[in-house]
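Have a look at entry21.pdb; it's PDB, C-alpha atoms and all ligand atoms:
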ATOM      1  CA  MET A   1      -3.655  -1.287  11.130  1.00  0.00           C
ATOM      2  CA  GLU A   2      -5.655  -4.321  10.227  1.00  0.00           C
ATOM      3  CA  GLY A   3      -4.730  -7.953  10.324  1.00  0.00           C
ATOM      4  CA  VAL A   4      -4.821  -9.940   7.139  1.00  0.00           C
ATOM      5  CA  ALA A   5      -8.369 -11.070   6.420  1.00  0.00           C
ATOM      6  CA  ALA A   6      -7.416 -14.573   5.372  1.00  0.00           C
ATOM      7  CA  SER A   7      -4.100 -16.283   5.758  1.00  0.00           C
ATOM      8  CA  ALA A   8      -4.330 -18.680   2.831  1.00  0.00           C
ATOM      9  CA  PRO A   9      -2.003 -17.403   0.101  1.00  0.00           C
ATOM     10  CA  ALA A  10      -2.978 -17.575  -3.552  1.00  0.00           C
ATOM     11  CA  ALA A  11      -0.163 -18.311  -5.999  1.00  0.00           C
ATOM     12  CA  SER A  12      -0.039 -16.828  -9.480  1.00  0.00           C
ATOM     13  CA  ASP A  13       2.728 -15.873 -11.926  1.00  0.00           C
ATOM     14  CA  GLY A  14       5.379 -17.020  -9.456  1.00  0.00           C
ATOM     15  CA  VAL A  15       4.217 -14.472  -6.889  1.00  0.00           C
ATOM     16  CA  GLU A  16       2.808 -15.665  -3.583  1.00  0.00           C
ATOM     17  CA  TYR A  17      -0.297 -13.558  -2.959  1.00  0.00           C
ATOM     18  CA  VAL A  18      -1.966 -12.954   0.395  1.00  0.00           C
ATOM     19  CA  GLU A  19      -5.610 -11.953   0.688  1.00  0.00           C
ATOM     20  CA  LEU A  20      -6.096  -8.610   2.451  1.00  0.00           C
ATOM     21  CA  CYS A  21      -9.769  -7.676   2.352  1.00  0.00           C
ATOM     22  CA  ALA A  22     -12.941  -7.466   0.328  1.00  0.00           C
ATOM     23  CA  GLU A  23     -12.859  -4.965  -2.537  1.00  0.00           C
ATOM     24  CA  ASP A  24     -15.600  -2.837  -0.990  1.00  0.00           C
ATOM     25  CA  GLU A  25     -13.893  -2.582   2.408  1.00  0.00           C
ATOM     26  CA  LEU A  26     -11.712   0.251   1.099  1.00  0.00           C
ATOM     27  CA  TRP A  27     -13.404   3.242  -0.503  1.00  0.00           C
ATOM     28  CA  ASP A  28     -11.882   5.108  -3.402  1.00  0.00           C
ATOM     29  CA  GLY A  29      -9.604   7.806  -1.981  1.00  0.00           C
ATOM     30  CA  ASP A  30      -8.871   5.807   1.155  1.00  0.00           C
ATOM     31  CA  MET A  31      -5.898   3.811   2.437  1.00  0.00           C
ATOM     32  CA  ASP A  32      -5.272   1.332   5.234  1.00  0.00           C
ATOM     33  CA  ALA A  33      -2.390  -0.757   6.554  1.00  0.00           C
ATOM     34  CA  PHE A  34      -2.216  -4.531   6.916  1.00  0.00           C
ATOM     35  CA  ASP A  35       0.318  -6.878   8.455  1.00  0.00           C
ATOM     36  CA  VAL A  36       1.677  -9.170   5.760  1.00  0.00           C
ATOM     37  CA  GLY A  37       4.347 -11.434   7.232  1.00  0.00           C
ATOM     38  CA  GLU A  38       7.119  -9.159   8.464  1.00  0.00           C
ATOM     39  CA  HIS A  39       5.842  -6.226   6.387  1.00  0.00           C
ATOM     40  CA  GLU A  40       3.341  -3.475   7.132  1.00  0.00           C
ATOM     41  CA  VAL A  41       1.632  -2.966   3.778  1.00  0.00           C
ATOM     42  CA  LEU A  42      -0.237   0.213   2.881  1.00  0.00           C
ATOM     43  CA  LEU A  43      -3.176  -0.563   0.589  1.00  0.00           C
ATOM     44  CA  VAL A  44      -4.320   2.497  -1.357  1.00  0.00           C
ATOM     45  CA  ARG A  45      -7.431   2.807  -3.497  1.00  0.00           C
ATOM     46  CA  TYR A  46      -7.195   5.770  -5.830  1.00  0.00           C
ATOM     47  CA  GLY A  47      -8.786   6.500  -9.198  1.00  0.00           C
ATOM     48  CA  GLY A  48     -10.590   3.160  -9.095  1.00  0.00           C
ATOM     49  CA  ARG A  49      -7.304   1.253  -8.839  1.00  0.00           C
ATOM     50  CA  TYR A  50      -5.467  -0.417  -5.979  1.00  0.00           C
ATOM     51  CA  PHE A  51      -1.831   0.155  -5.085  1.00  0.00           C
ATOM     52  CA  ALA A  52       0.193  -1.445  -2.304  1.00  0.00           C
ATOM     53  CA  TYR A  53       3.363  -0.084  -0.721  1.00  0.00           C
ATOM     54  CA  ASP A  54       5.632  -0.675   2.210  1.00  0.00           C
ATOM     55  CA  ALA A  55       3.787   1.418   4.801  1.00  0.00           C
ATOM     56  CA  ILE A  56       6.951   2.530   6.562  1.00  0.00           C
ATOM     57  CA  CYS A  57       8.050   5.995   5.485  1.00  0.00           C
ATOM     58  CA  PRO A  58      11.574   5.896   3.980  1.00  0.00           C
ATOM     59  CA  HIS A  59      12.495   9.010   5.960  1.00  0.00           C
ATOM     60  CA  GLN A  60      12.289   8.051   9.633  1.00  0.00           C
ATOM     61  CA  SER A  61      10.023   5.002   9.717  1.00  0.00           C
ATOM     62  CA  THR A  62       6.672   6.532  10.635  1.00  0.00           C
ATOM     63  CA  SER A  63       3.703   4.528   9.365  1.00  0.00           C
ATOM     64  CA  LEU A  64       2.193   6.197   6.316  1.00  0.00           C
ATOM     65  CA  ALA A  65      -1.163   4.764   7.412  1.00  0.00           C
ATOM     66  CA  ASP A  66      -1.253   7.592   9.960  1.00  0.00           C
ATOM     67  CA  GLY A  67      -0.814  10.134   7.176  1.00  0.00           C
ATOM     68  CA  GLU A  68      -3.195  11.549   4.591  1.00  0.00           C
ATOM     69  CA  LEU A  69      -4.286  10.662   1.066  1.00  0.00           C
ATOM     70  CA  THR A  70      -5.306  13.866  -0.712  1.00  0.00           C
ATOM     71  CA  GLU A  71      -8.038  14.172  -3.359  1.00  0.00           C
ATOM     72  CA  ASP A  72      -5.388  14.617  -6.054  1.00  0.00           C
ATOM     73  CA  GLY A  73      -3.614  11.385  -5.131  1.00  0.00           C
ATOM     74  CA  VAL A  74      -0.791  12.432  -2.853  1.00  0.00           C
ATOM     75  CA  ILE A  75       0.185  10.373   0.202  1.00  0.00           C
ATOM     76  CA  ILE A  76       1.519  12.696   2.908  1.00  0.00           C
ATOM     77  CA  CYS A  77       3.484  11.379   5.873  1.00  0.00           C
ATOM     78  CA  ARG A  78       2.259  12.980   9.068  1.00  0.00           C
ATOM     79  CA  ALA A  79       5.698  13.173  10.680  1.00  0.00           C
ATOM     80  CA  HIS A  80       7.588  15.589   8.396  1.00  0.00           C
ATOM     81  CA  LEU A  81       5.193  15.914   5.444  1.00  0.00           C
ATOM     82  CA  TRP A  82       7.136  13.973   2.836  1.00  0.00           C
ATOM     83  CA  GLU A  83       4.866  13.382  -0.182  1.00  0.00           C
ATOM     84  CA  PHE A  84       4.487  10.430  -2.564  1.00  0.00           C
ATOM     85  CA  ARG A  85       2.280   9.776  -5.565  1.00  0.00           C
ATOM     86  CA  ALA A  86      -0.528   7.326  -4.757  1.00  0.00           C
ATOM     87  CA  ASP A  87      -0.276   5.896  -8.301  1.00  0.00           C
ATOM     88  CA  GLY A  88       3.244   4.522  -8.334  1.00  0.00           C
ATOM     89  CA  GLY A  89       4.835   5.670  -5.086  1.00  0.00           C
ATOM     90  CA  GLN A  90       7.231   8.177  -6.666  1.00  0.00           C
ATOM     91  CA  GLY A  91       8.394  10.873  -4.280  1.00  0.00           C
ATOM     92  CA  ILE A  92       7.130  14.401  -4.856  1.00  0.00           C
ATOM     93  CA  ASN A  93       8.906  16.001  -1.931  1.00  0.00           C
ATOM     94  CA  PRO A  94      11.627  14.849  -1.971  1.00  0.00           C
ATOM     95  CA  ALA A  95      11.553  13.742  -5.615  1.00  0.00           C
ATOM     96  CA  ASN A  96      14.476  11.325  -5.284  1.00  0.00           C
ATOM     97  CA  GLU A  97      12.625   8.957  -2.918  1.00  0.00           C
ATOM     98  CA  CYS A  98      10.157   6.228  -3.855  1.00  0.00           C
ATOM     99  CA  LEU A  99       7.905   3.885  -1.912  1.00  0.00           C
ATOM    100  CA  LYS A 100       8.536   0.148  -2.228  1.00  0.00           C
ATOM    101  CA  ALA A 101       5.623  -1.295  -4.192  1.00  0.00           C
ATOM    102  CA  PHE A 102       4.005  -4.687  -3.655  1.00  0.00           C
ATOM    103  CA  PRO A 103       2.198  -6.574  -6.432  1.00  0.00           C
ATOM    104  CA  VAL A 104      -1.555  -6.169  -6.030  1.00  0.00           C
ATOM    105  CA  LYS A 105      -4.509  -7.799  -7.765  1.00  0.00           C
ATOM    106  CA  VAL A 106      -8.267  -8.088  -7.386  1.00  0.00           C
ATOM    107  CA  GLU A 107     -10.046 -11.388  -7.979  1.00  0.00           C
ATOM    108  CA  ASP A 108     -13.672 -12.258  -7.271  1.00  0.00           C
ATOM    109  CA  GLY A 109     -14.174  -9.106  -5.227  1.00  0.00           C
ATOM    110  CA  ARG A 110     -11.161  -9.758  -2.991  1.00  0.00           C
ATOM    111  CA  VAL A 111      -7.905  -7.786  -2.865  1.00  0.00           C
ATOM    112  CA  PHE A 112      -4.578  -9.653  -2.762  1.00  0.00           C
ATOM    113  CA  VAL A 113      -1.007  -8.422  -2.405  1.00  0.00           C
ATOM    114  CA  GLY A 114       2.288 -10.146  -2.972  1.00  0.00           C
ATOM    115  CA  ALA A 115       3.974 -11.409   0.178  1.00  0.00           C
ATOM    116  CA  GLU A 116       7.158  -9.529  -0.820  1.00  0.00           C
ATOM    117  CA  PRO A 117       7.715  -6.160  -2.530  1.00  0.00           C
ATOM    118  CA  ASP A 118       8.462  -5.899  -6.237  1.00  0.00           C
ATOM    119  CA  ALA A 119      12.145  -6.172  -7.007  1.00  0.00           C
ATOM    120  CA  ARG A 120      13.172  -2.738  -8.322  1.00  0.00           C
TER     121      ARG A 120
HETATM  122  S1  LIG B   1       9.054   9.983   8.874  1.00  0.00           S
HETATM  123 FE1  LIG B   1       7.852  10.375   7.115  1.00  0.00          FE
HETATM  124  S2  LIG B   1       8.415  12.363   6.529  1.00  0.00           S
HETATM  125 FE2  LIG B   1       9.704  11.966   8.241  1.00  0.00          FE
END
Taking this structure as input, can you express it in the form of structure tokens?
Ligand code: FES
Amino acid sequence: MEGVAASAPAASDGVEYVELCAEDELWDGDMDAFDVGEHEVLLVRYGGRYFAYDAICPHQSTSLADGELTEDGVIICRAHLWEFRADGGQGINPANECLKAFPVKVEDGRVFVGAEPDAR
């Protein structure tokens, strides 16, 4: 897991954003975890887009950063192989689970996430 690259939050649209890293620090098809306040946030780059989720698996709290991101966009938890879609966080196995998403944006070559997950 990485620490947050810069601690100065950027505010926009009522969401407090925190800078994580430079855009080119994460390759397409890769993921990494960052400490954001009390959250461990999993930043995923897939299909040229960024997604951010609570990194803690909803099953038994293993970090998804230790898992795998497959070429077809599936995040697999290493502990018991639960699977989630990289583009949205919807559970595949089991289908009734979903990762908590954080707002994410890219500005001036830097990646930012919201300090709190989306309310849903
Ligand atoms: S802790 Fe992730 S699948 Fe069990």
Expected selection from the PyMOL selection byres (((chain A and resi 31) around 9) and not hetatm), given as a list in words: Leu26, Trp27, Asp28, Gly29, Asp30, Asp32, Ala33, Leu42, Leu43, Val44, Arg45, Tyr46, Ala65, Glu68 and Leu69 of chain A
The PyMOL selection byres (((not hetatm)) within 10 of (chain B and resi 1)) resolved against shown file, as a ChimeraX atom specification: /A:56-64,66-67,76-83,93-94
Answer as a ChimeraX atom specification, residues within 12 Å of (4.7, -14.1, -4.3) using only C-alpha atoms: /A:9-19,36-37,102-105,112-119
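Atom pair CA of Gly88 in chain A / CA of Lys100 in chain A has a distance of 9.2 Å (rounded to one decimal).
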Å distance separating CA of Gly47 in chain A from CA of Thr70 in chain A, one decimal place: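 Here the two named atoms are 11.8 Å from each other.
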Point-to-point distance from CA of Gly91 in chain A to CA of Leu20 in chain A, Å rounded to tenths: 25.2 Å
Taking all listed atoms of range 13-23 of chain A, build the axis-aligned box, pad each of the six sides by 8 Å, then write its centre and edge lengths in Å to one decimal as lines of an AutoDock Vina configuration file.
center_x = -3.8
center_y = -11.0
center_z = -4.7
size_x = 34.3
size_y = 28.1
size_z = 30.4
Expansion of the PyMOL selection byres (((chain A and resi 87) around 9) and not hetatm) into residues, as an mmCIF file with C-alpha atoms, in the frame of the given file:
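Below is the file that was written, expr_9.cif:
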data_model
loop_
_atom_site.group_PDB
_atom_site.id
_atom_site.type_symbol
_atom_site.label_atom_id
_atom_site.label_comp_id
_atom_site.auth_asym_id
_atom_site.auth_seq_id
_atom_site.Cartn_x
_atom_site.Cartn_y
_atom_site.Cartn_z
ATOM 1 C CA VAL A 44 -4.320 2.497 -1.357
ATOM 2 C CA TYR A 46 -7.195 5.770 -5.830
ATOM 3 C CA GLY A 47 -8.786 6.500 -9.198
ATOM 4 C CA ARG A 49 -7.304 1.253 -8.839
ATOM 5 C CA TYR A 50 -5.467 -0.417 -5.979
ATOM 6 C CA PHE A 51 -1.831 0.155 -5.085
ATOM 7 C CA GLY A 73 -3.614 11.385 -5.131
ATOM 8 C CA VAL A 74 -0.791 12.432 -2.853
ATOM 9 C CA PHE A 84 4.487 10.430 -2.564
ATOM 10 C CA ARG A 85 2.280 9.776 -5.565
ATOM 11 C CA ALA A 86 -0.528 7.326 -4.757
ATOM 12 C CA GLY A 88 3.244 4.522 -8.334
ATOM 13 C CA GLY A 89 4.835 5.670 -5.086
ATOM 14 C CA GLN A 90 7.231 8.177 -6.666
#
Selection as a PyMOL selection string: residues within 9 Å of (-12.1, -8.9, -5.8), counting all atoms listed in the file: chain A and resi 21-24+105-112
Using only C-alpha atoms: which of A:Gly48, A:Asp54, A:Cys98, A:Glu71 has the shortest distance to Asp35 in chain A: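 For Asp35 in chain A, the nearest of the candidates is A:Asp54.
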